[in-house]
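Asks: One structure is given below, represented as structure tokens, and several questions about it will come after.
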Amino acid sequence: MTSNPIISVRGARRRYGTFEAVRGVDLDVRRGELVALLGTNGAGKTSFVELVEGLAPADGGEVRVLGRDPYHQRREIVGSLGIMLQSAGFSGDLTVVETARTWAGTLTRPRPVDDVLAAVGLAHRADVRVASLSGGEKRRLDLALATMGDPEVLFLDEPTTGLDPESRRATWRLVQGMLAAGTTVLLTTHYLEEAEELADRIAILQAGRIVRTGAVADIVAAEPARVEFVVRNADGRAVTPSAADLPSLEGVVDVPEVDRTGRLHLRTTRLQDDLFTLLQWADARQLRLDDLDARSASLEQAFLAMDDSSSTRDDASEVAA
């Protein structure tokens, strides 16, 4: 990757009347990198991405794509951009191939229409009117047109919404191929699995601000692992040990809980060490840890933890006010 970012944002702001949807965002995306922008509905993802796409001017700060202001200098870079909106709004009266050919006519270096449709699995639907496509097929057409010009920078706003699992993974393969060829991608998605699969880095947006950035592994590493099991004695009967009955576990971050089914749940920052201690403890007492599930933290867990933390801070701010 080059040292100079392909996308560079400093202190970006966007307002709708008195409401500030984007509140001083900084973000860099380097060549050949995919950054996934995550956030709950209303976090400001689409408002921010529209600034970077050049579809709206910033009300403050600086936005640069390929070294240019994407709104005021749009003509200079538009041929290098591919944009997949949440809803493209193509004419329903045209067929798929007519739509693709029309779009190709607006591009400087379009890829062959047949190749593009085949890449997204729409070759067999070429003569079908857009209005007759399913929601998932329309998303695949949106992707085909966004990638037709071999863009240097690709913006994907919820690209796999409405797709079945097979089509979603086909989309991932297409995006991964473009990344390997050097395309730079800014992605918004509600599918955390998608972010884990594709992203070099994650940026989490809350209330118009980026609250966390980093590689998936780094973000997840800050969260404790989870261990769950049912304790059974030698006769196979489930028993419920109290916290005092359990061995000393160095990494446990809170009091272990037992749910209504008798399943014990705990969280630990030292998964291997504490799991080994638990197994030794059970063996010494002729107990079994049935339905044992031990796993490292997930991106979903880290995302929800940050969302809960943000809500707590917001509540505290309101009380203080």
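Identifiers for the structure tokens are assigned positionally: chains receive A, B, ... in sequence, residues are indexed from 1 per chain, and ligands are indexed from 1 in the order shown.
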Using DSSP secondary structure from the backbone, list all alpha helix (DSSP H) positions within region 101-226 of chain A, as a PyMOL selection string.
Replies: chain A and resi 101-104+113-119+135-147+165-180+192-198+216-221
Asks: Please tabulate, as a Markdown table, the residues of region 166-214 of chain A that come within 12 Å of region 134-141 of chain A, each with its closest pair of atoms and the distance in Å to one decimal, counting only C-alpha atoms and ordering rows by chain, then residue number upward.
Replies:
```
| residue | atom | partner | partner_atom | distance |
| --- | --- | --- | --- | --- |
| A:Glu166 | CA | A:Gly136 | CA | 11.2 |
| A:Ser167 | CA | A:Gly136 | CA | 8.3 |
| A:Arg168 | CA | A:Gly136 | CA | 9.4 |
| A:Arg169 | CA | A:Arg140 | CA | 12.0 |
| A:Ala170 | CA | A:Arg140 | CA | 10.0 |
| A:Thr171 | CA | A:Arg140 | CA | 8.1 |
| A:Trp172 | CA | A:Arg140 | CA | 11.8 |
| A:Leu174 | CA | A:Arg140 | CA | 11.1 |
```
Asks: Put those residues in a file: N, CA, C and O atoms, as a PDB file, in the first residue's frame.
Replies:
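So the final result, stored in result.pdb, reads:
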```pdb
ATOM      1  N   GLU A 166     -25.769 -17.864  -0.753  1.00  0.00           N
ATOM      2  CA  GLU A 166     -24.886 -18.194  -1.877  1.00  0.00           C
ATOM      3  C   GLU A 166     -24.512 -16.942  -2.664  1.00  0.00           C
ATOM      4  O   GLU A 166     -23.347 -16.727  -3.021  1.00  0.00           O
ATOM      5  N   SER A 167     -25.501 -16.069  -2.915  1.00  0.00           N
ATOM      6  CA  SER A 167     -25.237 -14.833  -3.655  1.00  0.00           C
ATOM      7  C   SER A 167     -24.371 -13.888  -2.843  1.00  0.00           C
ATOM      8  O   SER A 167     -23.531 -13.163  -3.388  1.00  0.00           O
ATOM      9  N   ARG A 168     -24.584 -13.888  -1.521  1.00  0.00           N
ATOM     10  CA  ARG A 168     -23.764 -13.020  -0.672  1.00  0.00           C
ATOM     11  C   ARG A 168     -22.290 -13.417  -0.769  1.00  0.00           C
ATOM     12  O   ARG A 168     -21.408 -12.572  -0.905  1.00  0.00           O
ATOM     13  N   ARG A 169     -22.021 -14.724  -0.710  1.00  0.00           N
ATOM     14  CA  ARG A 169     -20.630 -15.164  -0.776  1.00  0.00           C
ATOM     15  C   ARG A 169     -20.042 -14.947  -2.168  1.00  0.00           C
ATOM     16  O   ARG A 169     -18.842 -14.681  -2.302  1.00  0.00           O
ATOM     17  N   ALA A 170     -20.868 -15.031  -3.199  1.00  0.00           N
ATOM     18  CA  ALA A 170     -20.388 -14.724  -4.547  1.00  0.00           C
ATOM     19  C   ALA A 170     -19.997 -13.247  -4.640  1.00  0.00           C
ATOM     20  O   ALA A 170     -18.998 -12.891  -5.281  1.00  0.00           O
ATOM     21  N   THR A 171     -20.771 -12.392  -3.987  1.00  0.00           N
ATOM     22  CA  THR A 171     -20.439 -10.965  -3.942  1.00  0.00           C
ATOM     23  C   THR A 171     -19.124 -10.747  -3.212  1.00  0.00           C
ATOM     24  O   THR A 171     -18.274  -9.962  -3.640  1.00  0.00           O
ATOM     25  N   TRP A 172     -18.928 -11.467  -2.110  1.00  0.00           N
ATOM     26  CA  TRP A 172     -17.661 -11.341  -1.370  1.00  0.00           C
ATOM     27  C   TRP A 172     -16.482 -11.713  -2.255  1.00  0.00           C
ATOM     28  O   TRP A 172     -15.450 -11.035  -2.242  1.00  0.00           O
ATOM     29  N   LEU A 174     -16.270 -11.542  -5.483  1.00  0.00           N
ATOM     30  CA  LEU A 174     -16.075 -10.495  -6.483  1.00  0.00           C
ATOM     31  C   LEU A 174     -15.319  -9.312  -5.876  1.00  0.00           C
ATOM     32  O   LEU A 174     -14.365  -8.795  -6.459  1.00  0.00           O
TER      33      LEU A 174
END
```
Asks: Enumerate the residues of region 96-221 of chain A with a DSSP assignment of strand (DSSP E), computed from the backbone, and present them as a VMD selection string.
Replies: chain A and resid 153 to 157 184 to 188 201 to 206 209 to 214
Asks: Need the shell around Gln301 (chain A): protein/DNA/RNA residues with any atom at most 12 Å away, counting only C-alpha atoms. Skip same-chain ones fewer than 3 positions apart. Format as number ranges by chain?
Replies: A: 192-193, 216, 219-226, 267, 295-298, 304-308
Asks: Considering only C-alpha atoms, return as a list in words whatever protein or nucleic-acid residues lie within 9 Å of His190 (chain A), sequence-local ones (same chain, fewer than 5 positions apart) excluded.
Replies: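 Listed by chain and then number, they are Leu38, Gly39, Thr40, Asn41, Glu158, Thr161 and Ala195 of chain A.
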Asks: Kindly export the residues of the current selection with C-alpha atoms, as an mmCIF file, in the first residue's frame.
Replies:
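Result file follows (result.cif):
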```
data_model
loop_
_atom_site.group_PDB
_atom_site.id
_atom_site.type_symbol
_atom_site.label_atom_id
_atom_site.label_comp_id
_atom_site.auth_asym_id
_atom_site.auth_seq_id
_atom_site.Cartn_x
_atom_site.Cartn_y
_atom_site.Cartn_z
ATOM 1 C CA LEU A 38 -20.383 -0.129 11.048
ATOM 2 C CA GLY A 39 -23.114 1.450 13.125
ATOM 3 C CA THR A 40 -26.731 1.068 14.142
ATOM 4 C CA ASN A 41 -29.529 2.717 12.148
ATOM 5 C CA GLU A 158 -25.254 -2.281 2.209
ATOM 6 C CA THR A 161 -29.027 -6.703 1.695
ATOM 7 C CA ALA A 195 -17.195 -7.118 7.817
#
```
Asks: Fewer than 2 positions away in the same chain doesn't count, so skip those; otherwise give me all residues within 9 Å of Asp273 (chain A), counting only C-alpha atoms, as a list in words.
Replies: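 Result of the neighbour search: Leu249, Glu250, Gly251, Arg270, Leu271, Leu275, Phe276, Thr277 and Leu278 of chain A.
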Asks: What does the structure give for the distance between CA of Val175 (chain A) and CA of Gly162 (chain A), in Å to one decimal?
Replies: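 Rounded to one decimal, the two atoms are 17.2 Å apart.
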Asks: Please, what distance in Å, to one decimal, runs between CA of Ser242 (chain A) and CA of Asp290 (chain A)?
Replies: 17.0 Å
Asks: Nearest to Glu257 (chain A) among A:Val116, A:Ile204, A:Ala238, A:Val230, with distances taken over only C-alpha atoms: which residue is it?
Replies: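 Once distances to Glu257 (chain A) are computed over only C-alpha atoms, the minimum belongs to A:Val230.
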Asks: Check the smallest atom-to-atom distance from each of A:Glu194, A:Arg288, A:Ala12, A:Val185 to Asp235 (chain A) using only C-alpha atoms, then report the winner.
Replies: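 The closest residue to Asp235 (chain A) is A:Arg288.
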Asks: Suppose you want the space between CA of Leu66 (chain A) and CA of Ala217 (chain A); what is it in Å?
Replies: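 Distance reported for this atom pair: 28.4 Å.
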Asks: Considering only C-alpha atoms, return as a ChimeraX atom specification whatever protein or nucleic-acid residues lie within 10 Å of region 48-62 of chain A, sequence-local ones (same chain, fewer than 4 positions apart) excluded.
Replies: /A:7-16,20-26,37,43-44,69-74,77-78,81-83,85,153-157,186-188,205,208-209
Asks: Would you list the contacts of Ala180 (chain A) as a PyMOL selection string, taking every protein, DNA or RNA residue within 12 Å and counting only C-alpha atoms, but skipping same-chain residues closer than 2 positions in sequence?
Replies: chain A and resi 1+31-34+173-178+182-185+198
Asks: How would the residues just picked look written out with C-alpha atoms as a PDB file, in the first residue's frame?
Replies:
```pdb
ATOM      1  CA  MET A   1       0.000   0.000   0.000  1.00  0.00           C
ATOM      2  CA  ARG A  31      -4.945   1.969  -1.701  1.00  0.00           C
ATOM      3  CA  GLY A  32      -6.117  -1.628  -1.937  1.00  0.00           C
ATOM      4  CA  GLU A  33      -7.676  -1.509   1.515  1.00  0.00           C
ATOM      5  CA  LEU A  34     -11.268  -2.269   2.482  1.00  0.00           C
ATOM      6  CA  ARG A 173     -15.531 -13.225  -3.895  1.00  0.00           C
ATOM      7  CA  LEU A 174     -16.075 -10.495  -6.483  1.00  0.00           C
ATOM      8  CA  VAL A 175     -15.080  -7.773  -4.013  1.00  0.00           C
ATOM      9  CA  GLN A 176     -12.034  -9.770  -2.858  1.00  0.00           C
ATOM     10  CA  GLY A 177     -10.929 -10.094  -6.483  1.00  0.00           C
ATOM     11  CA  MET A 178     -11.161  -6.331  -6.938  1.00  0.00           C
ATOM     12  CA  GLY A 182      -5.748  -2.799  -6.118  1.00  0.00           C
ATOM     13  CA  THR A 183      -9.236  -1.328  -5.818  1.00  0.00           C
ATOM     14  CA  THR A 184      -9.897   0.695  -2.654  1.00  0.00           C
ATOM     15  CA  VAL A 185     -13.253  -0.002  -0.994  1.00  0.00           C
ATOM     16  CA  LEU A 198     -13.819  -8.658   3.934  1.00  0.00           C
TER      17      LEU A 198
END
```
